[in-house]
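query.cif follows (mmCIF, C-alpha atoms and all ligand atoms):
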```cif
data_run
loop_
_atom_site.label_atom_id
_atom_site.label_comp_id
_atom_site.auth_asym_id
_atom_site.auth_seq_id
_atom_site.Cartn_x
_atom_site.Cartn_y
_atom_site.Cartn_z
CA PRO A 1 77.98 73.50 76.39
CA LEU A 2 74.67 73.35 78.28
CA LEU A 3 75.63 76.46 80.26
CA ARG A 4 78.27 79.16 79.76
CA ILE A 5 79.53 80.94 82.88
CA ASP A 6 81.67 84.10 83.02
CA VAL A 7 82.92 85.56 86.28
CA VAL A 8 84.38 89.07 86.59
CA THR A 9 86.43 89.64 89.76
CA ILE A 10 89.54 91.39 91.07
CA PHE A 11 90.63 88.00 92.55
CA PRO A 12 90.50 85.53 89.61
CA GLU A 13 92.48 82.89 91.57
CA TYR A 14 89.69 82.79 94.15
CA LEU A 15 87.60 81.01 91.51
CA ASP A 16 90.19 78.26 90.90
CA PRO A 17 88.09 75.73 92.90
CA LEU A 18 85.52 75.85 90.07
CA ARG A 19 87.97 73.77 88.04
CA ALA A 20 88.38 71.12 90.76
CA ALA A 21 86.44 67.92 91.41
CA LEU A 22 82.82 67.75 90.25
CA LEU A 23 82.79 70.96 88.22
CA GLY A 24 86.23 70.32 86.73
CA ARG A 25 84.93 67.04 85.31
CA ALA A 26 81.86 68.80 83.89
CA ILE A 27 84.12 71.40 82.23
CA GLU A 28 86.44 68.73 80.79
CA ARG A 29 83.42 66.88 79.42
CA GLY A 30 82.15 70.07 77.74
CA LEU A 31 78.92 70.23 79.76
CA ILE A 32 79.74 73.66 81.12
CA GLU A 33 82.15 76.37 79.98
CA VAL A 34 83.72 78.63 82.63
CA ASN A 35 85.70 81.82 81.97
CA VAL A 36 87.11 83.95 84.78
CA HIS A 37 88.13 87.55 84.01
CA ASP A 38 90.25 90.05 85.93
CA LEU A 39 88.26 93.28 86.31
CA ARG A 40 91.54 95.24 86.24
CA ASP A 41 91.90 94.36 82.54
CA TRP A 42 89.24 97.05 81.98
CA THR A 43 90.82 99.81 84.09
CA HIS A 44 91.66 103.09 82.39
CA ASP A 45 94.49 104.46 84.54
CA VAL A 46 98.09 103.55 85.36
CA HIS A 47 97.10 102.67 88.95
CA ARG A 48 94.47 100.22 87.65
CA ALA A 49 91.98 101.70 90.14
CA VAL A 50 88.68 99.85 90.52
CA ASP A 51 87.20 101.80 93.44
CA ASP A 52 86.65 105.32 94.76
CA ALA A 53 85.19 107.11 97.80
CA PRO A 54 81.39 106.95 98.25
CA TYR A 55 79.22 109.97 97.40
CA GLY A 56 77.55 111.13 100.59
CA GLY A 57 80.51 110.05 102.71
CA GLY A 58 80.87 107.06 104.99
CA PRO A 59 83.32 104.20 105.37
CA GLY A 60 84.75 101.97 102.65
CA MET A 61 85.02 102.34 98.92
CA VAL A 62 82.62 101.85 96.01
CA MET A 63 83.56 100.10 92.76
CA LYS A 64 83.77 102.48 89.81
CA PRO A 65 81.01 102.37 87.19
CA GLN A 66 83.21 103.04 84.12
CA VAL A 67 85.37 99.96 84.72
CA TRP A 68 82.41 97.67 85.38
CA GLY A 69 80.47 99.12 82.44
CA ASP A 70 83.26 98.34 79.97
CA ALA A 71 83.82 94.86 81.45
CA LEU A 72 80.14 93.94 81.21
CA ASP A 73 79.86 95.39 77.68
CA ASP A 74 82.57 92.92 76.61
CA VAL A 75 81.48 89.86 78.58
CA CYS A 76 77.68 90.01 78.30
CA ASP A 77 75.78 89.04 75.14
CA GLU A 78 72.20 88.58 73.90
CA ALA A 79 71.70 85.45 76.03
CA THR A 80 73.10 86.76 79.34
CA ARG A 81 71.50 86.74 82.76
CA LEU A 82 73.66 88.92 85.03
CA VAL A 83 74.01 87.82 88.66
CA VAL A 84 75.42 90.22 91.25
CA PRO A 85 76.10 88.59 94.63
CA THR A 86 75.44 90.97 97.51
CA PRO A 87 74.19 90.58 101.09
CA ALA A 88 71.52 93.12 100.08
CA GLY A 89 70.14 90.78 97.40
CA ARG A 90 67.16 88.41 97.28
CA PRO A 91 67.90 85.08 98.97
CA PHE A 92 69.30 82.39 96.65
CA THR A 93 67.14 79.24 96.77
CA GLN A 94 66.98 75.77 95.24
CA ASP A 95 64.23 77.06 92.90
CA MET A 96 66.65 79.71 91.62
CA ALA A 97 69.34 77.05 91.14
CA HIS A 98 66.87 75.19 88.87
CA ALA A 99 66.07 78.41 86.98
CA TYR A 100 69.79 79.17 86.53
CA ALA A 101 70.40 75.62 85.28
CA ALA A 102 67.91 76.37 82.49
CA GLU A 103 69.80 79.52 81.37
CA GLU A 104 72.23 79.66 78.46
CA HIS A 105 74.72 82.23 79.81
CA LEU A 106 75.32 83.43 83.37
CA VAL A 107 77.66 86.35 84.09
CA PHE A 108 78.66 86.91 87.72
CA ALA A 109 79.89 90.37 88.76
CA CYS A 110 81.85 90.07 92.03
CA GLY A 111 81.84 93.24 94.05
CA ARG A 112 84.25 93.90 96.89
CA TYR A 113 84.43 96.72 99.40
CA GLU A 114 81.07 98.39 99.94
CA GLY A 115 79.68 97.25 96.61
CA ILE A 116 79.41 98.38 93.00
CA ASP A 117 78.03 101.79 91.92
CA GLN A 118 74.30 101.07 91.61
CA ARG A 119 74.13 102.64 88.13
CA VAL A 120 76.07 99.64 86.77
CA ILE A 121 73.17 97.36 87.76
CA GLU A 122 70.58 99.89 86.58
CA ASP A 123 72.28 100.26 83.19
CA ALA A 124 72.73 96.50 82.67
CA ALA A 125 69.05 95.94 83.53
CA ARG A 126 68.12 98.08 80.48
CA ARG A 127 69.52 95.30 78.25
CA MET A 128 69.34 92.01 80.19
CA PRO A 129 67.80 90.29 83.21
CA VAL A 130 69.78 91.14 86.37
CA ASP A 131 69.53 89.47 89.78
CA GLU A 132 71.11 90.84 92.94
CA VAL A 133 71.37 87.70 95.06
CA SER A 134 72.39 86.89 98.66
CA ILE A 135 73.51 83.42 99.74
CA GLY A 136 72.55 84.05 103.37
CA ASP A 137 72.17 86.51 106.20
CA TYR A 138 75.85 87.11 106.90
CA VAL A 139 78.40 89.38 105.28
CA LEU A 140 81.32 88.06 103.22
CA VAL A 141 84.29 90.17 102.11
CA GLY A 142 83.19 89.92 98.49
CA GLY A 143 81.02 88.03 96.04
CA GLU A 144 83.58 85.36 95.06
CA ALA A 145 82.66 82.73 97.67
CA ALA A 146 78.99 83.33 96.86
CA VAL A 147 79.70 82.61 93.17
CA LEU A 148 81.30 79.29 94.11
CA VAL A 149 78.15 78.40 96.05
CA ILE A 150 75.69 79.50 93.35
CA VAL A 151 77.61 77.83 90.50
CA GLU A 152 77.94 74.54 92.39
CA ALA A 153 74.25 74.47 93.32
CA THR A 154 73.34 75.23 89.68
CA ALA A 155 75.80 72.99 87.83
CA ARG A 156 74.93 69.83 89.74
CA LEU A 157 71.38 70.10 88.36
CA LEU A 158 72.54 69.96 84.73
CA PRO A 159 71.96 66.62 83.03
CA GLY A 160 75.14 64.52 83.08
CA VAL A 161 77.00 66.52 85.73
CA LEU A 162 76.05 64.25 88.64
CA GLY A 163 76.87 60.56 88.39
CA ASN A 164 73.44 59.56 89.64
CA PRO A 165 70.56 61.82 88.52
CA VAL A 166 68.04 60.57 91.11
CA SER A 167 70.22 61.90 93.93
CA ALA A 168 69.41 65.49 92.87
CA GLU A 169 65.67 64.76 92.86
CA GLN A 170 65.74 63.33 96.38
CA ASP A 171 67.60 66.25 97.92
CA SER A 172 66.59 68.37 100.82
CA PHE A 173 64.10 70.96 99.43
CA SER A 174 62.91 68.83 96.49
CA ASP A 175 59.76 68.13 98.55
CA GLY A 176 60.09 71.31 100.61
CA LEU A 177 61.43 69.41 103.65
CA LEU A 178 64.92 68.87 105.05
CA GLU A 179 66.41 65.43 104.38
CA GLY A 180 66.47 63.01 107.30
CA PRO A 181 69.52 61.02 108.46
CA SER A 182 71.39 58.38 106.39
CA TYR A 183 73.33 55.30 107.49
CA THR A 184 75.74 52.77 106.00
CA ARG A 185 77.62 49.73 107.34
CA PRO A 186 78.49 48.59 109.95
CA GLU A 187 75.17 47.83 111.61
CA VAL A 188 76.59 48.80 115.04
CA TRP A 189 79.36 51.38 115.37
CA ARG A 190 80.67 52.64 118.76
CA ASP A 191 77.56 51.03 120.35
CA LEU A 192 75.29 53.01 118.00
CA ALA A 193 72.91 50.85 115.98
CA VAL A 194 71.38 51.68 112.61
CA PRO A 195 67.60 52.17 113.06
CA GLU A 196 65.99 48.72 112.82
CA VAL A 197 63.35 49.77 110.27
CA LEU A 198 66.04 50.45 107.63
CA ARG A 199 67.07 46.78 107.85
CA SER A 200 63.50 45.45 107.72
CA GLY A 201 63.26 45.20 103.94
CA ASN A 202 59.73 46.66 104.17
CA HIS A 203 59.95 49.53 101.68
CA ALA A 204 56.56 51.05 102.44
CA LEU A 205 57.58 51.20 106.11
CA ILE A 206 61.01 52.62 105.21
CA ASP A 207 59.49 55.37 103.05
CA ARG A 208 57.07 56.28 105.85
CA TRP A 209 59.92 56.35 108.42
CA ARG A 210 62.07 58.57 106.19
CA ARG A 211 59.16 60.94 105.64
CA ASP A 212 58.60 61.16 109.42
CA GLN A 213 62.29 61.83 110.04
CA ALA A 214 62.27 64.60 107.41
CA LEU A 215 59.16 66.16 108.96
CA GLN A 216 60.53 66.01 112.53
CA ARG A 217 63.85 67.51 111.46
CA THR A 218 62.09 70.30 109.55
CA VAL A 219 59.79 71.10 112.52
CA ARG A 220 62.79 71.33 114.88
CA ARG A 221 65.33 73.07 112.67
CA ARG A 222 63.39 75.06 110.07
CA PRO A 223 59.75 75.40 111.16
CA GLU A 224 59.26 78.33 108.76
CA LEU A 225 59.69 75.93 105.81
CA LEU A 226 56.44 74.16 106.76
CA ASP A 227 54.46 77.38 106.20
CA ARG A 228 55.75 77.51 102.62
CA LEU A 229 54.72 73.97 101.59
CA PRO A 230 52.25 73.86 98.69
CA GLU A 231 48.61 73.28 99.71
CA GLY A 232 47.85 69.58 100.22
CA SER A 233 51.46 68.40 100.48
CA LEU A 234 50.98 67.00 104.00
CA ASP A 235 48.90 63.80 104.30
CA HIS A 236 46.94 62.54 107.34
CA HIS A 237 49.86 60.59 108.69
CA ASP A 238 52.21 63.61 108.30
CA LEU A 239 49.85 65.76 110.37
CA ALA A 240 49.96 63.17 113.18
CA VAL A 241 53.80 63.38 113.42
N1 LIG B 1 78.78 89.38 99.30
C1 LIG B 1 79.02 89.65 100.60
N2 LIG B 1 78.19 88.97 101.40
C2 LIG B 1 77.39 88.23 100.57
C3 LIG B 1 76.32 87.33 100.78
N3 LIG B 1 75.87 87.04 102.00
N4 LIG B 1 75.71 86.79 99.71
C4 LIG B 1 76.14 87.11 98.47
N5 LIG B 1 77.14 87.95 98.21
C5 LIG B 1 77.77 88.50 99.25
#
```
Let's see the structure in the file written out as structure tokens.
Ligand code: ADE
Amino acid sequence: PLLRIDVVTIFPEYLDPLRAALLGRAIERGLIEVNVHDLRDWTHDVHRAVDDAPYGGGPGMVMKPQVWGDALDDVCDEATRLVVPTPAGRPFTQDMAHAYAAEEHLVFACGRYEGIDQRVIEDAARRMPVDEVSIGDYVLVGGEAAVLVIVEATARLLPGVLGNPVSAEQDSFSDGLLEGPSYTRPEVWRDLAVPEVLRSGNHALIDRWRRDQALQRTVRRRPELLDRLPEGSLDHHDLAV
């Protein structure tokens, strides 16, 4: 496989969607290998406890280091990058999706409750690269939905996973801008016409129009993205938009 993925969670069935649709096809075709593990397989006690009260007090529970330590010892290897989804992580971006697509082995550690004992991350980082990653500024119940997001964003970049490879290159963010609108037939639908320029057959004009639409959309919806564009990526015409 181009990429091996292991996920450790207390809700293995939550990851079932990984085997559906686009990713399911990639798994069947041997492009990616996905293994989902139940964290409770590494518990030590009859109650199969994975969490305990936080030192220092406060609400919620913290996931126990011994259980996670044993699980990661078994699942991680020499080639692993460990990814721990948490709202306290660095923001996941398209650039990180590209970097993950170039890895050999990703292990995702899904925390629930108030998180995983920090020493688990500290200990793992002595042996392998570890990323604590957030998929956005909102709080989920656990890392599982974030793993679905990160794996989908990563896997679609692998050669052969998407039907049409150019579609990944033309995405929002590939040029640092949001994608503009798209249209298909019919030409008029509920009195709404497709923009005339797209039917002109003038490809220089169409490219220019699409660029303008992307710029306008980015200015209105995500102005902060414009500050992050590489030097010289806006031309004279762009600056007039
Ligand atoms: N776990 C809970 N909330 C999360 C978020 N926003 N991103 C990643 N993992 C999470």
**Study point:** Cut-off 10 Å, only C-alpha atoms and all ligand atoms, neighbours of ligand LIG 1 (chain B) as a PyMOL selection string
**Key:** chain A and resi 84-92+110-115+132-147+149-150
Study note, to complete from the structure: From the list A:Glu152, A:Asp70, A:Glu187, A:Asp52, the nearest residue to A:Leu23 using only C-alpha atoms is A:Glu152
Check your understanding: Could you tell me, as a list in words, which residues have any atom at most 6 Å from (75.8, 85.9, 79.4), counting only C-alpha atoms?
Key -> Cys76, Asp77, Ala79, Thr80, Arg81, His105, Leu106 and Val107 of chain A
Check your understanding: Interatomic distance between atom CA of A:Val151 and atom CA of A:Thr93?
Key ->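 Calculated distance between atom CA of A:Val151 and atom CA of A:Thr93 is 12.3 Å.
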Check your understanding: Out of A:Glu196, A:Glu13, A:Glu179, A:Ser233, which residue has the shortest atom-to-atom distance to A:Leu215 when counting all atoms listed in the file?
Key ->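 Result for the nearest residue to A:Leu215: A:Glu179.
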